[in-house]
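S.K.: My structure is stored as entry08.txt, with compact mmCIF, C-alpha atoms and all ligand atoms.
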# COMPACT_ATOMS: atom_id res chain seq x y z
CA MET A 1 -32.74 3.14 10.69
CA GLY A 2 -32.17 0.00 12.74
CA HIS A 3 -31.14 -2.69 10.35
CA VAL A 4 -30.29 -5.57 12.68
CA MET A 5 -29.28 -8.13 10.10
CA ASN A 6 -25.82 -9.44 10.86
CA LEU A 7 -24.95 -12.46 8.78
CA PHE A 8 -22.82 -14.85 10.80
CA MET A 9 -20.78 -17.04 8.50
CA GLN A 10 -18.07 -19.06 10.29
CA ASP A 11 -16.07 -16.37 12.11
CA LYS A 12 -17.08 -13.68 9.62
CA VAL A 13 -19.63 -10.93 10.17
CA GLU A 14 -21.05 -8.74 7.41
CA LEU A 15 -21.30 -5.26 8.90
CA LEU A 16 -23.24 -3.42 6.21
CA PRO A 17 -27.07 -3.60 6.10
CA TYR A 18 -27.18 -3.26 2.27
CA ASP A 19 -24.82 -2.51 -0.62
CA PHE A 20 -22.56 -5.07 1.04
CA GLY A 21 -18.91 -5.65 1.43
CA ALA A 22 -17.45 -5.13 4.92
CA VAL A 23 -16.43 -8.20 6.90
CA LEU A 24 -14.50 -8.07 10.17
CA HIS A 25 -12.14 -10.84 11.25
CA SER A 26 -11.24 -10.29 14.91
CA ASP A 27 -8.21 -11.57 16.85
CA VAL A 28 -6.25 -12.79 13.85
CA TRP A 29 -3.13 -11.92 15.87
CA ARG A 30 -2.90 -12.60 19.62
CA ASN A 31 -2.50 -9.69 22.07
CA ASP A 32 1.18 -10.42 22.78
CA GLU A 33 1.88 -10.65 19.03
CA CYS A 34 0.06 -7.34 18.50
CA ARG A 35 2.24 -5.56 21.06
CA THR A 36 5.47 -6.69 19.38
CA ILE A 37 4.17 -5.98 15.88
CA THR A 38 2.89 -2.50 16.82
CA SER A 39 6.27 -1.57 18.25
CA ARG A 40 8.18 -2.96 15.27
CA LEU A 41 5.94 -1.31 12.66
CA THR A 42 6.17 2.03 14.49
CA HIS A 43 9.98 1.88 14.53
CA GLU A 44 10.86 0.00 11.34
CA LEU A 45 8.60 1.56 8.73
CA ASP A 46 9.52 4.72 6.84
CA TRP A 47 6.76 6.99 8.17
CA ALA A 48 6.43 10.37 6.49
CA GLN A 49 4.33 13.47 6.89
CA VAL A 50 2.47 14.10 3.63
CA PHE A 51 1.18 17.55 2.75
CA VAL A 52 -1.84 17.96 0.51
CA GLU A 53 -3.30 21.01 -1.17
CA VAL A 54 -6.75 21.98 0.14
CA PHE A 55 -8.29 25.18 -1.24
CA ASN A 56 -4.87 26.43 -2.39
CA ARG A 57 -3.29 25.82 1.01
CA ARG A 58 -0.62 23.31 1.96
CA VAL A 59 -2.10 21.21 4.75
CA ALA A 60 -0.36 18.46 6.75
CA GLN A 61 -2.35 15.22 6.77
CA PRO A 62 -3.34 14.44 10.39
CA ARG A 63 -1.38 11.15 10.40
CA LEU A 64 1.87 9.72 9.11
CA THR A 65 1.85 7.40 6.11
CA CYS A 66 4.07 4.98 4.24
CA TRP A 67 3.73 2.95 1.09
CA TYR A 68 5.22 -0.47 0.37
CA GLY A 69 4.62 -2.81 -2.53
CA ASP A 70 5.79 -4.70 -5.56
CA PRO A 71 8.08 -2.60 -7.77
CA GLY A 72 6.25 -0.38 -10.27
CA LYS A 73 2.93 -0.38 -8.44
CA ASN A 74 2.65 3.38 -8.26
CA TYR A 75 -0.42 5.03 -6.92
CA SER A 76 -1.66 8.61 -7.02
CA TYR A 77 -3.32 9.58 -3.79
CA SER A 78 -4.77 13.03 -3.09
CA GLY A 79 -2.50 14.49 -5.75
CA THR A 80 0.64 12.89 -4.33
CA ARG A 81 2.44 10.22 -6.28
CA LEU A 82 4.01 7.64 -4.06
CA ASN A 83 6.65 5.16 -5.14
CA PRO A 84 6.39 1.99 -3.11
CA LEU A 85 9.29 0.84 -0.96
CA ASP A 86 10.24 -2.85 -1.04
CA TRP A 87 8.38 -5.18 1.33
CA THR A 88 10.08 -5.63 4.71
CA SER A 89 10.11 -9.17 6.17
CA LEU A 90 7.54 -8.19 8.80
CA LEU A 91 5.20 -6.62 6.21
CA SER A 92 5.54 -9.75 4.03
CA GLU A 93 4.54 -11.93 6.99
CA ILE A 94 1.52 -9.75 7.76
CA LYS A 95 0.56 -9.68 4.08
CA GLN A 96 0.73 -13.48 3.87
CA LYS A 97 -1.58 -13.97 6.86
CA THR A 98 -3.96 -11.29 5.56
CA GLU A 99 -4.12 -13.06 2.19
CA VAL A 100 -4.96 -16.38 3.87
CA VAL A 101 -7.71 -14.83 6.01
CA SER A 102 -9.23 -12.74 3.22
CA ASN A 103 -8.59 -15.27 0.43
CA VAL A 104 -7.36 -12.40 -1.80
CA THR A 105 -3.83 -11.50 -2.96
CA PHE A 106 -2.43 -7.98 -2.70
CA ASN A 107 0.50 -6.16 -4.31
CA SER A 108 0.81 -3.09 -2.12
CA VAL A 109 0.06 -1.63 1.29
CA LEU A 110 -0.64 1.90 2.47
CA GLY A 111 0.32 2.36 6.13
CA ASN A 112 -1.26 4.92 8.43
CA LEU A 113 0.14 5.90 11.83
CA TYR A 114 -2.37 7.69 14.06
CA ARG A 115 -0.08 9.14 16.72
CA THR A 116 -2.82 10.50 19.04
CA GLY A 117 -6.56 11.14 19.02
CA SER A 118 -5.82 14.31 17.03
CA ASP A 119 -4.88 12.13 14.06
CA GLY A 120 -7.56 10.70 11.78
CA VAL A 121 -8.72 10.43 8.20
CA SER A 122 -11.75 12.34 6.90
CA TRP A 123 -14.66 10.94 4.87
CA HIS A 124 -13.48 9.36 1.63
CA SER A 125 -13.73 6.25 -0.51
CA ASP A 126 -10.84 4.29 -1.89
CA ASN A 127 -12.00 4.65 -5.47
CA GLU A 128 -8.87 5.68 -7.34
CA PRO A 129 -8.85 4.30 -10.90
CA GLU A 130 -5.73 2.16 -10.21
CA LEU A 131 -7.81 0.08 -7.78
CA GLY A 132 -10.34 -0.90 -10.44
CA LEU A 133 -14.08 -1.37 -10.01
CA ASN A 134 -15.30 -2.69 -6.62
CA PRO A 135 -11.81 -3.33 -5.21
CA THR A 136 -11.09 -5.61 -2.25
CA ILE A 137 -9.05 -3.84 0.43
CA ALA A 138 -7.94 -5.50 3.67
CA SER A 139 -7.45 -3.10 6.56
CA VAL A 140 -5.33 -4.44 9.42
CA THR A 141 -5.15 -2.77 12.83
CA PHE A 142 -2.34 -2.82 15.43
CA GLY A 143 -2.06 -0.67 18.55
CA ALA A 144 -5.02 1.31 19.85
CA THR A 145 -8.64 0.56 19.00
CA ARG A 146 -10.16 3.40 16.98
CA ARG A 147 -13.72 3.79 15.73
CA PHE A 148 -14.18 3.34 11.98
CA ASP A 149 -17.34 4.86 10.50
CA MET A 150 -19.00 3.95 7.23
CA ARG A 151 -21.61 6.34 5.76
CA HIS A 152 -23.90 5.47 2.86
CA ARG A 153 -23.67 8.06 0.07
CA GLU A 154 -27.46 8.21 -0.51
CA THR A 155 -29.24 7.17 2.69
CA LYS A 156 -26.56 8.81 4.91
CA GLU A 157 -26.90 5.87 7.33
CA ILE A 158 -23.75 5.55 9.45
CA ILE A 159 -22.31 2.27 10.73
CA HIS A 160 -19.77 2.39 13.59
CA ILE A 161 -17.13 -0.34 13.79
CA ASP A 162 -14.52 -0.65 16.54
CA LEU A 163 -11.32 -1.74 14.87
CA THR A 164 -9.49 -3.70 17.57
CA PRO A 165 -5.80 -4.68 17.47
CA GLY A 166 -5.15 -7.87 15.52
CA SER A 167 -8.29 -7.48 13.41
CA ILE A 168 -8.68 -7.48 9.64
CA LEU A 169 -11.54 -5.54 8.03
CA VAL A 170 -12.10 -6.75 4.48
CA MET A 171 -13.91 -4.21 2.32
CA SER A 172 -15.15 -5.42 -1.05
CA GLY A 173 -18.16 -5.24 -3.36
CA GLU A 174 -20.01 -1.94 -3.09
CA SER A 175 -18.26 -0.77 0.08
CA GLN A 176 -16.34 1.93 -1.82
CA SER A 177 -18.85 2.86 -4.53
CA LYS A 178 -21.87 3.19 -2.20
CA TRP A 179 -20.20 4.04 1.12
CA GLN A 180 -17.55 6.40 2.43
CA HIS A 181 -15.45 5.85 5.55
CA GLN A 182 -13.52 7.84 8.15
CA ILE A 183 -11.50 7.58 11.33
CA ALA A 184 -12.82 10.54 13.31
CA LYS A 185 -10.50 12.46 15.58
CA THR A 186 -11.24 11.91 19.27
CA LYS A 187 -10.69 13.94 22.44
CA LYS A 188 -10.20 10.68 24.37
CA GLU A 189 -6.66 9.77 25.32
CA VAL A 190 -5.63 7.04 22.88
CA ALA A 191 -2.36 5.23 22.27
CA PRO A 192 -0.87 5.21 18.76
CA ARG A 193 -2.59 3.02 16.17
CA VAL A 194 -0.93 1.48 13.13
CA ASN A 195 -3.23 0.64 10.22
CA LEU A 196 -2.16 -1.30 7.15
CA THR A 197 -4.50 -1.24 4.14
CA PHE A 198 -3.53 -3.96 1.67
CA ARG A 199 -4.60 -3.21 -1.89
CA THR A 200 -4.18 -4.44 -5.44
CA ILE A 201 -2.98 -1.75 -7.81
CA HIS A 202 -3.58 -2.39 -11.52
CA VAL A 203 -1.03 -0.57 -13.68
O1 LIG B 301 -7.11 3.66 9.43
C1 LIG B 301 -8.07 3.09 8.90
O2 LIG B 301 -8.69 2.19 9.46
C2 LIG B 301 -8.56 3.54 7.55
C3 LIG B 301 -7.49 4.08 6.64
C4 LIG B 301 -8.04 4.43 5.31
O3 LIG B 301 -9.23 4.56 5.12
C5 LIG B 301 -7.16 4.60 4.16
O4 LIG B 301 -5.94 4.57 4.31
O5 LIG B 301 -7.66 4.76 3.04
MN MN B 302 -9.75 4.44 2.98
Please express what this file holds, its structure, as C-alpha cells.

M.R.:
Amino acid sequence: MGHVMNLFMQDKVELLPYDFGAVLHSDVWRNDECRTITSRLTHELDWAQVFVEVFNRRVAQPRLTCWYGDPGKNYSYSGTRLNPLDWTSLLSEIKQKTEVVSNVTFNSVLGNLYRTGSDGVSWHSDNEPELGLNPTIASVTFGATRRFDMRHRETKEIIHIDLTPGSILVMSGESQSKWQHQIAKTKKEVAPRVNLTFRTIHV
C-alpha cells in the first residue's frame, strides 16, 4: 500500500504512514566525527556476546551488546538481566546531544555492535514493562549504514529506513505497540555498525 504522506516539520520527517512515532534526524554528527566516534565506541565499550535460550537451545545473539546507565536501572531483556555499567565520558556526550535533538531525557543505553552483514536483530518490539506504555527510544547509528525495517502488526505493511551514520531515529507513540522492527542480515559486504538505543527505564 503506497502511503506517500511524509510530514516535513523543520528537519524532522515522520516515517510511519499511521500509528505514528518514528522520526529520523539525519547528520546530527559530521562524517569526520562519526569516524572517530565509531572507532572509539568499538574499542572503549565493554562489548559482550549474550546467549539466549530459544526452544531449549543456547543460541548466541548475532551481534555484540553492552548496557550503560544510571545505577540501579536494571533491565530484563530476552531472559537476561543486565546490570548497567557507569556512563563513559563519550557516551555521556552522545547522550547529551541525543537529548537535545529528541527533547527527551534518558537514563540508560543499550549498545549493539553489528560486526558484519551476518549480524542483525530479528523482528521484535521494545515493549518490556520497565519501559512503560508508549516509550520514547532514541536510536543512534555510527559506522555502516544498515537497513531498518518496521512492520505493522495488523496490516503487515513494511517500511524500510536506511539508518545512516550520525543519524538519530526517535521512536515514540505507537511505534512499539503497533509496529515491530528488525535489522535484517545482509549478504552485502558491510563495515561494522555501532547502534546506541537510549531508553528510560522505570524501576
Ligand atoms: O540496531 C538498531 O538499529 C536496532 C536495535 C534494536 O532494535 C534494539 O536494540 O532493540
Ligand atoms: Mn529494538

S.K.: Is it possible to get the residues within 8 Å of (-16.2, -0.5, -1.8) (coordinates as in the file, counting only C-alpha atoms) written as a VMD selection string?

M.R.: chain A and resid 21 125 to 127 134 to 136 171 to 179

S.K.: Do you know which residues are within 12 Å of ligand MN 302 (chain B) using all atoms listed in the file? Can you write them as a PyMOL selection string?

M.R.: chain A and resi 77-78+109-112+120-128+131+135-140+148-150+169-172+175-177+179-183+195-199

S.K.: Would you mind listing what lies within 8 Å of Asn31 (chain A) as JSON, numbers by chain, with all atoms listed in the file counted and same-chain residues fewer than 4 positions away left out?

M.R.: {"A": [27, 35, 165, 166]}

S.K.: Suppose we keep C-alpha atoms; can you now write the selection as an mmCIF file, in the coordinates of the input?

M.R.:
data_model
loop_
_atom_site.group_PDB
_atom_site.id
_atom_site.type_symbol
_atom_site.label_atom_id
_atom_site.label_comp_id
_atom_site.auth_asym_id
_atom_site.auth_seq_id
_atom_site.Cartn_x
_atom_site.Cartn_y
_atom_site.Cartn_z
ATOM 1 C CA ASP A 27 -8.210 -11.570 16.850
ATOM 2 C CA ARG A 35 2.240 -5.560 21.060
ATOM 3 C CA PRO A 165 -5.800 -4.680 17.470
ATOM 4 C CA GLY A 166 -5.150 -7.870 15.520
#

S.K.: Of the candidates A:Trp67, A:Trp47, A:Phe106, A:Phe55, which one gets nearest to ligand LIG 301 (chain B) if we count all atoms listed in the file?

M.R.: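 Between A:Trp67, A:Trp47, A:Phe106, A:Phe55, the residue approaching ligand LIG 301 (chain B) most closely is A:Trp67.
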
S.K.: Would you pick out the contacts of Gly72 (chain A) at 8 Å or less, using all atoms listed in the file, so that residues sharing its chain but fewer than 2 positions from it are not included, and give the list as an MDAnalysis selection string?

M.R.: chainID A and resid 70 74 83:84

S.K.: Using only C-alpha atoms, find the one residue out of A:Lys156, A:Arg147, A:Arg40, A:Arg30 that sits nearest to Leu90 (chain A).

M.R.: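 Result for the nearest residue to Leu90 (chain A): A:Arg40.
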
S.K.: Let me make sure I understand: among A:Val100, A:Ala60, A:Leu24, A:Val54, which one has the smallest atom-to-atom distance to ligand LIG 301 (chain B) if we use all atoms listed in the file?

M.R.: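 Using all atoms listed in the file, ligand LIG 301 (chain B) sits closest to A:Leu24.
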
S.K.: Can you work out which one of A:Ser39, A:Leu16, A:Pro129, A:Thr65 has the shortest atom-to-atom distance to ligand LIG 301 (chain B), counting all atoms listed in the file?

M.R.: A:Thr65

S.K.: What gap, in Å, lies between CA of Arg63 (chain A) and CA of Gln49 (chain A)?

M.R.: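 Distance between the two atoms: 7.1 Å.
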
S.K.: To one decimal place, how far is CA of Ser118 (chain A) from CA of Thr186 (chain A) in Å?

M.R.: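 Atom-to-atom, CA of Ser118 (chain A) and CA of Thr186 (chain A) are spaced 6.3 Å apart.
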
S.K.: Check the smallest atom-to-atom distance from each of A:Arg58, A:Asp162, A:Val104, A:Lys187 to ligand LIG 301 (chain B) using all atoms listed in the file, then report the winner.

M.R.: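 Using all atoms listed in the file, ligand LIG 301 (chain B) sits closest to A:Asp162.
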
S.K.: Restricting the calculation to only C-alpha atoms and all ligand atoms, which member of A:Cys66, A:Gln96, A:Ser102, A:Glu157 is positioned closest to ligand LIG 301 (chain B)?

M.R.: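 Residue with the minimum atom-to-atom distance to ligand LIG 301 (chain B): A:Cys66.
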
S.K.: What does the distance from CA of His25 (chain A) to CA of His43 (chain A) come to in Å, to one decimal?

M.R.: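 If I compute the distance from CA of His25 (chain A) to CA of His43 (chain A), I get 25.7 Å.
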